[in-house]
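> Just passing along the structure, written as structure tokens.
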Amino acid sequence: MNQRIKKAAILGAGVMGSAIAAHLANVGIPSFLLDIVPAELTEAEKKKGLALESQEVRNRFAILGKKRVQESSPAALYLKEDAELITIGNFEDHLSWVSQADWIIEAIIEDLNAKRELFKKLFPLLREGVVISSNTSGISIQKMCEGFSGDFEERFLGTHFFNPPRYMKLLEIIPAKSTSKAVVERMAEVGEKILGKGVVFAKDTPNFIANRIGAFSITAVIKTMVEDGYWIEEVDQITGPVLGRPKSATFRTADLVGLDVMAHVGKNLLENLPDKEREYFQFPSFLHQMVKNQWLGQKTKQGFYKRVKGEGKEETLVLDYEKLNYRPQEKVNLPSVEMAKNIDDVRERIKSLVMSPDRGGQFAWKILKKTLLYSAEKIPEISDDVVNIDQAMKWGYNWELGPFEVWDAIGLKSSIKRMEKDGEAIPPMVEQLLSKGHSSFYEKKDGRVSYFDMRTGQYQEIKEKPEIILLPSLKDRKKTVLSNPGASLIDLGHGVACLEFHSKMNTIGADTIQMMSGALKEVEEKFDGLVIGNQAENFSAGANLMLMLFEIQDENWDDIEAIVKAFQDSLMAVKYFEKPVVAAPFGLTLAGGCEVCLASAKVQAAAETYMGLVEVGVGLIPGGGGTKEMLLRCTECIPPEVD
């Protein structure tokens, strides 16, 4: 089967459909973006003298969808000109265009009958080998294709993107009973290698994996907050980075996503889950009232938080969920949270928080144990293994650790004893693991990671993909050639070494500069080339300004000059090194980090790279030669004089 997707068709130009079209455009895949024909004119269309027959009217929803991604913030497109790869149309005039597509993605309203009716119209238009998928967030994939031709069922599956598709890594692939294995493998390869996604294989159960666990986690937080009398701002302090979750925590995230979306996910679960589980997803009455009031979050400018203008300043108010009005935020004083903030290792940070007896620790333990137990209960219902669940929550909800990784971090055996003391029932898969004498869901040996497989009752190795290099695994396998507190040189194999920064935020200090010089000497003697890269949150935030500040305060001007000169010399050595040096930046690549890239022979940047000599903005001149390298690049663009 041809793996290449040359053209796609997206059916439905709403928020998700248009954003998927934008991300396909980002990777060079042209698409048709189609939607329904409006039933009546808008006031603006009437003023322009348009009729229902006008193409501008008939394509209205697709036009709006394309415009949305062109104007969205954060940007849905890598480059504005990529929007030209999106061709707009409507279902009545242009559905025949799907015959040109290799992949048809349905993204219309979440209504089973509407989806099936649309699929029926596709039958006579489908080309051989085309894949048809639905971006549904929870409707059964099997019910969508049931009773259709065998050929259709074999080519049909769920491909659930997370919003916004450009930035969210997760792609859940959900096969129906009859979906061809080759189709599943093909779309997984497209997702990973073309779209840059982290692919998780989900079973065809309500809300699949990430939203099933995520929705449970959110409702557990809200119910515990109400039951135990916590404030919203307290909860967001506890359920943010100290618990390995995003900075937006619970309620700021809900405002970003939209309470209407949360309500839809909850409604789908209530309608499709057995009675014994529905109680988990019952929202408190104040949430239903918020939706009724259209307090949906950022899209309506008020949700759990509300930004207001006061006397000469702006203030963010928070919802009093008991009185359903807004009030100034209270100062949060939770010693366990403040202590955990100072712990860099996320595993130790979470463990410290849930072990604390104070108000913050008690809340964290209560919501965490509920989520861990629920995740274990859902194996094998939503997934056959812990790996897919952990990856889904990390890629779809931006958790630093998945539920089972968290469980290992806080100690499986000790936490089980605590849960039993609390009167909790322990899920069968956990009892099975413990009965075998094991004490963790994951095991690491010689740099290889294995997970406990419930089906076999044994640990199964997580197979590494040859195209993906994991630096921690190589270091565990004793592949470190040189190392100091700021950086390491690692043998990648095949004659290539990697210079990895690993200081805080990968800032560049004396240790890093020293390692750069040592790495070049080692590569000169023993390797064929060097990659400068790492697998932290960001490539490099630049020079260690705190170190420089201390030197300035002590008036150590000679030392400062020596450090700057050493950095300049190291980058010049990189630039003129006799063997290839490739920089692999991603995320924040600022100041000195940017200068490292400018000195390298080649730059292989990730799509989400935010690079620049940002110190110029506060009046500092880049000290590593960055201004000179920028000038050289600018002069390369000057056309030669013509006589």
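Residue numbers start at 1 in each chain; chains themselves are named A, B, ... in the order of the structure tokens; ligands are numbered from 1 in the order shown.
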When you look at Ala591 (chain A) with a cut-off of 9 Å (counting only C-alpha atoms), what residues show up, excluding the ones that are within fewer than 6 positions of it in the same chain? I need them as a list in words.

Ser540, Ala541, Gly542, Ala543, Met611, Gly612, Leu613, Val614, Glu615, Val616, Pro622, Gly623, Gly624 and Gly626 of chain A

> Any chance you can output those residues with all heavy atoms as a compact mmCIF listing (two decimals), in the first residue's frame?


```
# COMPACT_ATOMS: atom_id res chain seq x y z
N SER A 540 18.07 25.84 24.66
CA SER A 540 18.90 26.63 25.57
C SER A 540 18.29 28.01 25.75
O SER A 540 17.90 28.66 24.78
CB SER A 540 20.33 26.77 25.04
OG SER A 540 21.07 27.65 25.86
N ALA A 541 18.23 28.44 27.01
CA ALA A 541 17.71 29.78 27.30
C ALA A 541 18.80 30.84 27.24
O ALA A 541 18.56 31.99 27.59
CB ALA A 541 17.06 29.79 28.68
N GLY A 542 20.01 30.46 26.79
CA GLY A 542 21.09 31.44 26.63
C GLY A 542 22.12 31.34 27.73
O GLY A 542 22.23 30.34 28.44
N ALA A 543 22.88 32.42 27.89
CA ALA A 543 23.95 32.45 28.88
C ALA A 543 23.38 32.41 30.29
O ALA A 543 22.24 32.81 30.53
CB ALA A 543 24.81 33.70 28.69
N MET A 611 13.66 31.04 18.18
CA MET A 611 15.07 31.39 18.21
C MET A 611 15.27 32.89 18.03
O MET A 611 14.55 33.53 17.25
CB MET A 611 15.79 30.63 17.08
CG MET A 611 17.29 30.89 17.01
SD MET A 611 18.05 30.13 15.54
CE MET A 611 17.89 28.39 15.93
N GLY A 612 16.25 33.44 18.75
CA GLY A 612 16.55 34.84 18.55
C GLY A 612 17.58 35.36 19.52
O GLY A 612 17.85 34.77 20.56
N LEU A 613 18.17 36.50 19.15
CA LEU A 613 19.12 37.20 20.01
C LEU A 613 18.33 38.18 20.87
O LEU A 613 18.41 39.40 20.71
CB LEU A 613 20.18 37.91 19.16
CG LEU A 613 20.98 36.97 18.24
CD1 LEU A 613 21.88 37.76 17.30
CD2 LEU A 613 21.83 36.00 19.08
N VAL A 614 17.56 37.64 21.79
CA VAL A 614 16.56 38.43 22.51
C VAL A 614 17.17 39.43 23.48
O VAL A 614 16.49 40.38 23.90
CB VAL A 614 15.59 37.50 23.28
CG1 VAL A 614 14.77 36.68 22.32
CG2 VAL A 614 16.37 36.58 24.22
N GLU A 615 18.45 39.25 23.85
CA GLU A 615 19.06 40.18 24.80
C GLU A 615 19.14 41.60 24.24
O GLU A 615 19.24 42.57 24.99
CB GLU A 615 20.44 39.68 25.25
CG GLU A 615 21.47 39.56 24.13
CD GLU A 615 21.49 38.20 23.48
OE1 GLU A 615 20.42 37.77 22.99
OE2 GLU A 615 22.55 37.57 23.45
N VAL A 616 19.10 41.71 22.91
CA VAL A 616 19.11 43.02 22.28
C VAL A 616 17.93 43.86 22.77
O VAL A 616 18.02 45.08 22.93
CB VAL A 616 19.07 42.88 20.73
CG1 VAL A 616 18.93 44.24 20.06
CG2 VAL A 616 20.33 42.18 20.24
N PRO A 622 24.82 40.74 22.10
CA PRO A 622 25.22 39.33 22.16
C PRO A 622 26.74 39.20 22.17
O PRO A 622 27.42 39.81 21.33
CB PRO A 622 24.61 38.73 20.89
CG PRO A 622 23.46 39.64 20.57
CD PRO A 622 23.89 41.01 21.00
N GLY A 623 27.27 38.43 23.13
CA GLY A 623 28.71 38.37 23.31
C GLY A 623 29.41 37.23 22.63
O GLY A 623 30.64 37.15 22.66
N GLY A 624 28.67 36.32 22.00
CA GLY A 624 29.30 35.15 21.42
C GLY A 624 29.51 35.22 19.92
O GLY A 624 29.81 34.21 19.29
N GLY A 626 27.11 36.51 17.78
CA GLY A 626 25.83 36.40 17.09
C GLY A 626 25.53 37.56 16.17
O GLY A 626 25.00 37.37 15.07
```

> Using only C-alpha atoms, which residues sit within 8 Å of Thr480 (chain A) once same-chain residues fewer than 6 positions away are excluded, as number ranges by chain?

A: 474, 488-491

> Write out as CSV the residues of region 144-199 of chain A that have any atom within 8 Å of an atom of region 15-29 of chain A, one row each with the nearest atom pair and its distance in Å to one decimal, counting only C-alpha atoms, sorted by chain and then rising number.


```
residue,atom,partner,partner_atom,distance
A:Phe161,CA,A:Ile20,CA,7.8
A:Asn163,CA,A:Met16,CA,6.8
A:Pro164,CA,A:Ala19,CA,6.7
A:Pro165,CA,A:Ile20,CA,6.1
A:Arg166,CA,A:His23,CA,5.5
A:Ile194,CA,A:Val27,CA,6.8
A:Leu195,CA,A:Val27,CA,6.6
```

> Let's have the selection written as a JSON list (two decimals), in the first residue's frame, with C-alpha atoms.


```json
[["chain", "number", "residue", "atom", "x", "y", "z"],
["A", 161, "PHE", "CA", -6.46, 15.01, 16.95],
["A", 163, "ASN", "CA", -6.72, 20.97, 19.77],
["A", 164, "PRO", "CA", -4.76, 22.86, 18.55],
["A", 165, "PRO", "CA", -3.38, 20.18, 16.19],
["A", 166, "ARG", "CA", -0.20, 22.12, 15.46],
["A", 194, "ILE", "CA", 4.74, 13.13, 8.47],
["A", 195, "LEU", "CA", 2.60, 14.97, 11.03]]
```

> Using only C-alpha atoms for the distances, tell me which of A:Leu112, A:Leu95, A:Leu125, A:Val308 is nearest to Val37 (chain A).

A:Leu95

> Measuring atom to atom with only C-alpha atoms, identify which of A:Leu373, A:Arg68, A:Ser383, A:Trp97 is nearest to Ile416 (chain A).

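Nearest candidate to Ile416 (chain A) out of A:Leu373, A:Arg68, A:Ser383, A:Trp97: A:Leu373.
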
> May I have the residues within 7 Å of Leu52 (chain A) as a CSV table (one decimal) with C-alpha atoms, in the first residue's frame, using only C-alpha atoms and disregarding those fewer than 3 positions away in the same chain?


```csv
chain,number,residue,atom,x,y,z
A,40,GLU,CA,-30.0,31.8,4.9
A,41,LEU,CA,-28.1,35.0,4.4
A,57,VAL,CA,-22.4,32.5,0.6
A,58,ARG,CA,-22.4,28.8,-0.3
```

> Could you check the closest approach to Gln302 (chain A) for each of A:Pro335, A:Phe577, A:Leu256, A:Tyr280 and tell me which residue wins, using only C-alpha atoms?

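Closest to Gln302 (chain A) of all the choices is A:Leu256.
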
> Excluding Glu192 (chain A) and any residue of its chain fewer than 3 positions from it, enumerate the residues within 12 Å of it, using only C-alpha atoms, and give them as a PyMOL selection string.

chain A and resi 27+169-173+185-189+195-200+465+467-468

> Export, as a CSV table (one decimal), in the first residue's frame, the selected residues with N, CA, C and O atoms.


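File result39.csv, as written:
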```
chain,number,residue,atom,x,y,z
A,27,VAL,N,2.9,20.6,6.8
A,27,VAL,CA,3.8,19.6,6.4
A,27,VAL,C,3.7,19.4,4.9
A,27,VAL,O,4.2,18.3,4.4
A,169,LYS,N,0.6,17.2,20.8
A,169,LYS,CA,1.3,16.0,20.2
A,169,LYS,C,0.5,14.8,19.9
A,169,LYS,O,0.7,14.0,19.0
A,170,LEU,N,-0.6,14.6,20.7
A,170,LEU,CA,-1.3,13.4,20.7
A,170,LEU,C,-2.2,13.2,19.4
A,170,LEU,O,-2.9,14.1,19.0
A,171,LEU,N,-2.1,12.0,18.9
A,171,LEU,CA,-3.0,11.5,17.9
A,171,LEU,C,-3.5,10.1,18.3
A,171,LEU,O,-2.7,9.2,18.3
A,172,GLU,N,-4.8,10.0,18.7
A,172,GLU,CA,-5.3,8.7,19.0
A,172,GLU,C,-5.8,8.1,17.8
A,172,GLU,O,-6.6,8.6,17.0
A,173,ILE,N,-5.4,6.8,17.5
A,173,ILE,CA,-5.9,6.0,16.4
A,173,ILE,C,-6.8,4.9,17.0
A,173,ILE,O,-6.3,4.2,17.8
A,185,GLU,N,-1.6,0.6,10.4
A,185,GLU,CA,-0.1,0.8,10.4
A,185,GLU,C,0.2,2.0,9.5
A,185,GLU,O,1.1,2.8,9.8
A,186,ARG,N,-0.5,2.2,8.4
A,186,ARG,CA,-0.2,3.3,7.5
A,186,ARG,C,-0.5,4.6,8.1
A,186,ARG,O,0.3,5.5,8.1
A,187,MET,N,-1.6,4.7,8.8
A,187,MET,CA,-2.0,6.0,9.4
A,187,MET,C,-1.1,6.3,10.6
A,187,MET,O,-0.8,7.5,10.9
A,188,ALA,N,-0.6,5.3,11.3
A,188,ALA,CA,0.3,5.5,12.4
A,188,ALA,C,1.6,6.0,11.9
A,188,ALA,O,2.2,7.0,12.5
A,189,GLU,N,2.0,5.5,10.8
A,189,GLU,CA,3.3,6.0,10.2
A,189,GLU,C,3.1,7.4,9.7
A,189,GLU,O,4.0,8.3,9.8
A,195,LEU,N,3.3,13.9,10.2
A,195,LEU,CA,2.6,15.0,11.0
A,195,LEU,C,3.3,15.3,12.3
A,195,LEU,O,3.0,16.2,13.0
A,196,GLY,N,4.3,14.5,12.7
A,196,GLY,CA,5.1,14.7,13.9
A,196,GLY,C,4.3,14.4,15.2
A,196,GLY,O,4.6,15.0,16.2
A,197,LYS,N,3.4,13.5,15.1
A,197,LYS,CA,2.5,13.2,16.3
A,197,LYS,C,3.1,12.1,17.1
A,197,LYS,O,3.8,11.2,16.7
A,198,GLY,N,2.6,12.0,18.4
A,198,GLY,CA,2.8,10.9,19.2
A,198,GLY,C,1.5,10.1,19.1
A,198,GLY,O,0.5,10.5,19.5
A,199,VAL,N,1.7,8.9,18.5
A,199,VAL,CA,0.5,8.0,18.2
A,199,VAL,C,0.2,7.1,19.4
A,199,VAL,O,1.1,6.4,19.9
A,200,VAL,N,-1.1,7.1,19.8
A,200,VAL,CA,-1.5,6.1,20.8
A,200,VAL,C,-2.7,5.3,20.2
A,200,VAL,O,-3.5,5.9,19.5
A,465,LYS,N,12.4,2.6,18.6
A,465,LYS,CA,12.4,2.8,17.2
A,465,LYS,C,13.7,3.2,16.7
A,465,LYS,O,14.3,4.2,17.3
A,467,GLU,N,14.7,5.0,14.4
A,467,GLU,CA,14.8,6.4,13.9
A,467,GLU,C,14.7,7.4,15.1
A,467,GLU,O,14.9,8.6,14.9
A,468,ILE,N,14.5,6.9,16.3
A,468,ILE,CA,14.4,7.8,17.5
A,468,ILE,C,15.5,7.5,18.4
A,468,ILE,O,15.6,6.3,18.9
```

> For Gly240 (chain A), which of A:Ala364, A:Ile513, A:Leu319, A:Leu50 is the closest residue, counting only C-alpha atoms?

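Nearest candidate to Gly240 (chain A) out of A:Ala364, A:Ile513, A:Leu319, A:Leu50: A:Ala364.
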
> Apply DSSP to the structure's backbone, then extract all residues of region 283-438 of chain A labelled alpha helix (DSSP H) and return them as a count of residues only.

82

> How many Å separate CA of Ala9 (chain A) from CA of Thr136 (chain A)?

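So the answer is 15.7 Å.
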